[in-house]
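Notes to accompany the following structure.
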Amino acid sequence: MVILVACLLATGCWRVYSNTWDEPEHLAAGLELLDRGKYEYDTEHPPLARVLLALGPWLAGAHSFGTPPPEGTQEGIDILYSGGHYWRYLTLARLGTLPFLALLIFSTWLWGRRLFSSPGAALLSVLLLVSVPPVLGNAALASLDVAAAATILLALFALQRWIYSALPRDAAWFGLASGLAVATKFSSVPFIGLGVLTLGLAHAAVAIRGRARASPPADPPVPAGPAAWMERVAGVAVAAVATLLILFIVYGPRAEHHAGVAFRFHWAVSYLLQQRGFDHALGVVFSNLWLPHELQDLVNGVVAVKAHNDTGHLSYLLGHTRLTGWWYFYFVALAVKTPIPLLIAGPTGLVWLAVAGWRRGDSWQMAPLVLCVTILVFASSFSRINIGIRHVLILYPFMALGAAYVVGRAGAWMVTLPRRRAVLVAVPLLAVLVWQLSPLWRAYPDYLPYFNEAVADPERVLVDSDLDWGQDLYRLEQRAKALSIPHLSLAYRGTADLTREPLPPLYILPPKQPVKGWVAVSALARTRNTADYAWLNAFTPLERVGKTIDLYFIP
């Protein structure tokens, strides 16, 4: 029921939002693979989730036009608008994200059932996750971020299970889950790789502490000796084979196009050779190593992500723009995009849970905090692509688990109190839970641009995919029609084709050029360079269309 309600809430914006920035290219890449057996658009992302996004439109009759790669945005736009089926194709593409939302919820449930003795506490963690608007907002779009969070969360669960048990069966499950995650988004590579290191260290530390106290830990002790090491090495081999199996399945079944694959792989090797240190050594290895074309495309994709990160991406934070981002970007994003009760209770509960795990010698209870800190530190230290909380959605399931632990402990304490005092505790606790859940109806259907109560003017804090991803164009069309606007000057940033949209006669408003009459400017256009449309600051907008477009009439 929770999964069903979450999916229904996510679908609420389908007929409200125009296509967001990335949706056309994801659709084009997936449809090219289904329709032509090639995968050449924006290979910085792997194909698994994109195929599911494109499956519905493909079955409904959408076809690839074969626009020359590597940029697939125009191809995706042409597909969306072809045959007058814009809303049908866009809706069917967005439908492909809902299975990943279900997987994210189910994976959170798996973590909760393993951490908590009560099924009610596990269910509460699921409810708390569903009440996070950025999760539902991104689940409503034909994009990869919820898919990445879901598959990475499942892989990390399987990883902790294998570290705990050391069984070959669990190593195989970890490998299969990791393969799904890597085939969904390449950000899973460092997240899972660092998870192997930090969860392994946490498990070892718990076992060593148990031996030092001369008392058996809750976790099985870390095996020692050559036989134990061989068992772990065998587990790594099993996991690696299972991961490669998934990647071969995902990248393998397509028409042969060795020239394109070879070109992209040689580019990746050349890029690595231009770097210093480890990157150069890796380039030397790849240049002298034969790889099947499936793995060549995988290498190219990972290197393409690295190249994107090295060059940076124009980002906006707290009124400033920068190409290489800020180390504190995700801390600010979490602070303003997370409902306040979860923002407080989540980290508190993670620390509390980890302390309890350390005392009991249970690495499972330590795992959520270890993973949360690992991912956040890595993203803040190494990521120069600061364009949205969507890149660290994986943190929210762990925060939900932490908050559920706090509520569970509060409930256990409440039971020990006299009845009157218990009621006095229960009332504010219930009020906080209602506050946490209230964005489900207060923000509906605008979960994507949600900001918590601490932010009076979101445009001064974050924009891009956290506020304006080009989604409010359809609302502008409806409002222009209702007002009978005869002519509109528009400053808009997005991938919708303005020439094919039912807008009034348009003048594309260039920067620093004042005009008269009806003017609409989107938040993303306004903040790429704050001086571009600063002349509008002298006027008061008549209204805000949706959450992102200001509508003016300049006399």
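As shown in the structure tokens, the chain order sets the letters A, B, ...; within each chain, residues go from 1, and ligands are also counted from 1 in the order they appear.
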
- Query: Would you give me, as a ChimeraX atom specification, the residues in region 192-336 of chain A that DSSP reads as strand (DSSP E)?
  - Reply: /A:315-317,320-322

- Shell around Arg50 (chain A) at 7 Å using only C-alpha atoms, local window under 6 positions removed, as a list in words: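 Neighbouring residues, sequence-local ones excluded: His26, Leu27, Ala29 and Gly30 of chain A.
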
Tell me, as a PDB file with N, CA and C atoms, in the first residue's frame, which residues lie within 8 Å of region 443-452 of chain A, counting only C-alpha atoms; anything in the same chain fewer than 6 positions away does not count.
ATOM      1  N   LEU A   9       1.226   9.375  -5.759  1.00  0.00           N
ATOM      2  CA  LEU A   9       1.625  10.750  -5.447  1.00  0.00           C
ATOM      3  C   LEU A   9       2.644  11.266  -6.465  1.00  0.00           C
ATOM      4  N   ALA A  10       3.570  10.415  -6.856  1.00  0.00           N
ATOM      5  CA  ALA A  10       4.583  10.838  -7.828  1.00  0.00           C
ATOM      6  C   ALA A  10       3.960  11.163  -9.173  1.00  0.00           C
ATOM      7  N   GLY A  12       1.304  12.597  -9.739  1.00  0.00           N
ATOM      8  CA  GLY A  12       0.465  13.791  -9.705  1.00  0.00           C
ATOM      9  C   GLY A  12       0.963  14.938 -10.566  1.00  0.00           C
ATOM     10  N   CYS A  13       2.255  14.969 -10.858  1.00  0.00           N
ATOM     11  CA  CYS A  13       2.800  16.087 -11.637  1.00  0.00           C
ATOM     12  C   CYS A  13       2.915  15.758 -13.119  1.00  0.00           C
ATOM     13  N   PRO A 133       9.920  15.038  -0.157  1.00  0.00           N
ATOM     14  CA  PRO A 133       9.497  15.514  -1.483  1.00  0.00           C
ATOM     15  C   PRO A 133      10.533  15.332  -2.585  1.00  0.00           C
ATOM     16  N   PRO A 134      11.853  15.566  -2.368  1.00  0.00           N
ATOM     17  CA  PRO A 134      12.797  15.353  -3.474  1.00  0.00           C
ATOM     18  C   PRO A 134      12.799  13.922  -4.007  1.00  0.00           C
ATOM     19  N   LEU A 136      10.052  11.841  -4.137  1.00  0.00           N
ATOM     20  CA  LEU A 136       8.864  11.710  -4.982  1.00  0.00           C
ATOM     21  C   LEU A 136       8.973  12.576  -6.230  1.00  0.00           C
ATOM     22  N   GLY A 137       9.543  13.775  -6.085  1.00  0.00           N
ATOM     23  CA  GLY A 137       9.661  14.666  -7.236  1.00  0.00           C
ATOM     24  C   GLY A 137      10.526  14.088  -8.331  1.00  0.00           C
ATOM     25  N   ASN A 138      11.654  13.489  -7.968  1.00  0.00           N
ATOM     26  CA  ASN A 138      12.525  12.889  -8.982  1.00  0.00           C
ATOM     27  C   ASN A 138      11.978  11.560  -9.481  1.00  0.00           C
ATOM     28  N   VAL A 336      18.208  22.543   3.216  1.00  0.00           N
ATOM     29  CA  VAL A 336      17.047  23.303   2.732  1.00  0.00           C
ATOM     30  C   VAL A 336      16.027  22.442   1.995  1.00  0.00           C
ATOM     31  N   LYS A 337      16.439  21.259   1.533  1.00  0.00           N
ATOM     32  CA  LYS A 337      15.521  20.419   0.758  1.00  0.00           C
ATOM     33  C   LYS A 337      14.905  19.282   1.586  1.00  0.00           C
ATOM     34  N   THR A 338      15.354  19.108   2.811  1.00  0.00           N
ATOM     35  CA  THR A 338      14.865  18.029   3.661  1.00  0.00           C
ATOM     36  C   THR A 338      13.835  18.572   4.641  1.00  0.00           C
ATOM     37  N   PRO A 339      12.692  17.896   4.818  1.00  0.00           N
ATOM     38  CA  PRO A 339      11.762  18.310   5.876  1.00  0.00           C
ATOM     39  C   PRO A 339      12.472  18.401   7.221  1.00  0.00           C
ATOM     40  N   ILE A 340      12.174  19.447   7.958  1.00  0.00           N
ATOM     41  CA  ILE A 340      12.936  19.762   9.169  1.00  0.00           C
ATOM     42  C   ILE A 340      12.923  18.626  10.199  1.00  0.00           C
ATOM     43  N   PRO A 458      13.555  30.452  -2.174  1.00  0.00           N
ATOM     44  CA  PRO A 458      14.435  29.390  -2.688  1.00  0.00           C
ATOM     45  C   PRO A 458      15.386  29.859  -3.782  1.00  0.00           C
ATOM     46  N   SER A 465      18.166  21.767 -10.869  1.00  0.00           N
ATOM     47  CA  SER A 465      17.161  20.720 -10.722  1.00  0.00           C
ATOM     48  C   SER A 465      16.512  20.710  -9.347  1.00  0.00           C
ATOM     49  N   ASP A 466      16.988  21.543  -8.412  1.00  0.00           N
ATOM     50  CA  ASP A 466      16.356  21.634  -7.101  1.00  0.00           C
ATOM     51  C   ASP A 466      15.141  22.561  -7.100  1.00  0.00           C
ATOM     52  N   LEU A 467      15.064  23.454  -8.064  1.00  0.00           N
ATOM     53  CA  LEU A 467      13.941  24.382  -8.139  1.00  0.00           C
ATOM     54  C   LEU A 467      13.387  24.457  -9.555  1.00  0.00           C
ATOM     55  N   ASP A 468      14.241  24.773 -10.504  1.00  0.00           N
ATOM     56  CA  ASP A 468      13.800  25.007 -11.880  1.00  0.00           C
ATOM     57  C   ASP A 468      14.581  24.100 -12.821  1.00  0.00           C
ATOM     58  N   LYS A 547       6.149  27.300  -9.763  1.00  0.00           N
ATOM     59  CA  LYS A 547       7.097  27.675  -8.713  1.00  0.00           C
ATOM     60  C   LYS A 547       8.329  28.385  -9.257  1.00  0.00           C
TER      61      LYS A 547
END

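Using only C-alpha atoms, the smallest distance between any of A:Val241, A:Leu110, A:Leu98, A:Leu483 and Val146 (chain A) comes from A:Leu98.
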
What's around Val126 (chain A) at 9 Å? Count only C-alpha atoms, leave out sequence neighbours fewer than 6 positions away in its own chain, and write the answer as an mmCIF file with N, CA, C and O atoms, in the first residue's frame.
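And here's result_6.cif as it stands now:
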data_model
loop_
_atom_site.group_PDB
_atom_site.id
_atom_site.type_symbol
_atom_site.label_atom_id
_atom_site.label_comp_id
_atom_site.auth_asym_id
_atom_site.auth_seq_id
_atom_site.Cartn_x
_atom_site.Cartn_y
_atom_site.Cartn_z
ATOM 1 N N VAL A 2 1.942 1.224 0.760
ATOM 2 C CA VAL A 2 2.835 2.389 0.782
ATOM 3 C C VAL A 2 3.446 2.619 -0.600
ATOM 4 O O VAL A 2 3.520 3.754 -1.092
ATOM 5 N N ILE A 105 11.877 1.817 -2.119
ATOM 6 C CA ILE A 105 11.074 1.618 -0.914
ATOM 7 C C ILE A 105 11.312 0.215 -0.347
ATOM 8 O O ILE A 105 11.493 0.034 0.860
ATOM 9 N N PHE A 106 11.318 -0.786 -1.234
ATOM 10 C CA PHE A 106 11.523 -2.168 -0.779
ATOM 11 C C PHE A 106 12.912 -2.354 -0.176
ATOM 12 O O PHE A 106 13.074 -3.051 0.844
ATOM 13 N N THR A 108 14.699 -0.082 1.322
ATOM 14 C CA THR A 108 14.653 0.555 2.643
ATOM 15 C C THR A 108 13.992 -0.367 3.654
ATOM 16 O O THR A 108 14.428 -0.479 4.809
ATOM 17 N N TRP A 109 12.934 -1.051 3.209
ATOM 18 C CA TRP A 109 12.257 -2.027 4.072
ATOM 19 C C TRP A 109 13.216 -3.160 4.470
ATOM 20 O O TRP A 109 13.247 -3.577 5.630
ATOM 21 N N GLY A 112 15.433 -1.846 7.123
ATOM 22 C CA GLY A 112 14.694 -1.669 8.371
ATOM 23 C C GLY A 112 14.401 -2.984 9.069
ATOM 24 O O GLY A 112 14.522 -3.098 10.299
ATOM 25 N N PRO A 397 17.267 7.289 2.428
ATOM 26 C CA PRO A 397 16.864 6.063 3.134
ATOM 27 C C PRO A 397 17.582 5.878 4.463
ATOM 28 O O PRO A 397 16.963 5.452 5.456
ATOM 29 N N ALA A 400 16.079 8.203 6.965
ATOM 30 C CA ALA A 400 14.779 7.686 7.394
ATOM 31 C C ALA A 400 14.951 6.576 8.424
ATOM 32 O O ALA A 400 14.190 6.490 9.401
ATOM 33 N N LEU A 401 15.947 5.725 8.237
ATOM 34 C CA LEU A 401 16.223 4.660 9.212
ATOM 35 C C LEU A 401 16.635 5.261 10.556
ATOM 36 O O LEU A 401 16.197 4.799 11.618
ATOM 37 N N ALA A 404 13.547 6.754 12.230
ATOM 38 C CA ALA A 404 12.680 5.693 12.753
ATOM 39 C C ALA A 404 13.235 5.133 14.055
ATOM 40 O O ALA A 404 12.471 4.782 14.971
#

- Check the DSSP output for the backbone and give back, as a VMD selection string, the residues of region 233-352 of chain A in helix (DSSP H, G or I). chain A and resid 233 to 251 258 to 274 278 to 287 293 to 311 329 to 337 340 to 352

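Among the candidate residues A:Ala202, A:Leu33, A:Val189, A:Ala259, the one lying nearest to Thr243 (chain A) is A:Val189, with distances computed using only C-alpha atoms.
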
- Message: I want to know what sits within 9 Å of Leu90 (chain A), based on only C-alpha atoms, with residues of the same chain fewer than 2 positions away left out; could you give that as a ChimeraX atom specification?
- Response: /A:14,18-19,23-24,27,57,80,85-88,92-95,141-142

- In terms of the shortest atom-to-atom distance over only C-alpha atoms, which of A:Leu103, A:Ile192, A:Val135, A:Leu167 is closest to Arg232 (chain A)? A:Leu167

- In terms of the shortest atom-to-atom distance over only C-alpha atoms, which of A:Ser188, A:Thr348, A:Ser107, A:Gln274 is closest to Ile375 (chain A)?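 Among A:Ser188, A:Thr348, A:Ser107, A:Gln274, it is A:Ser188 that comes nearest to Ile375 (chain A).
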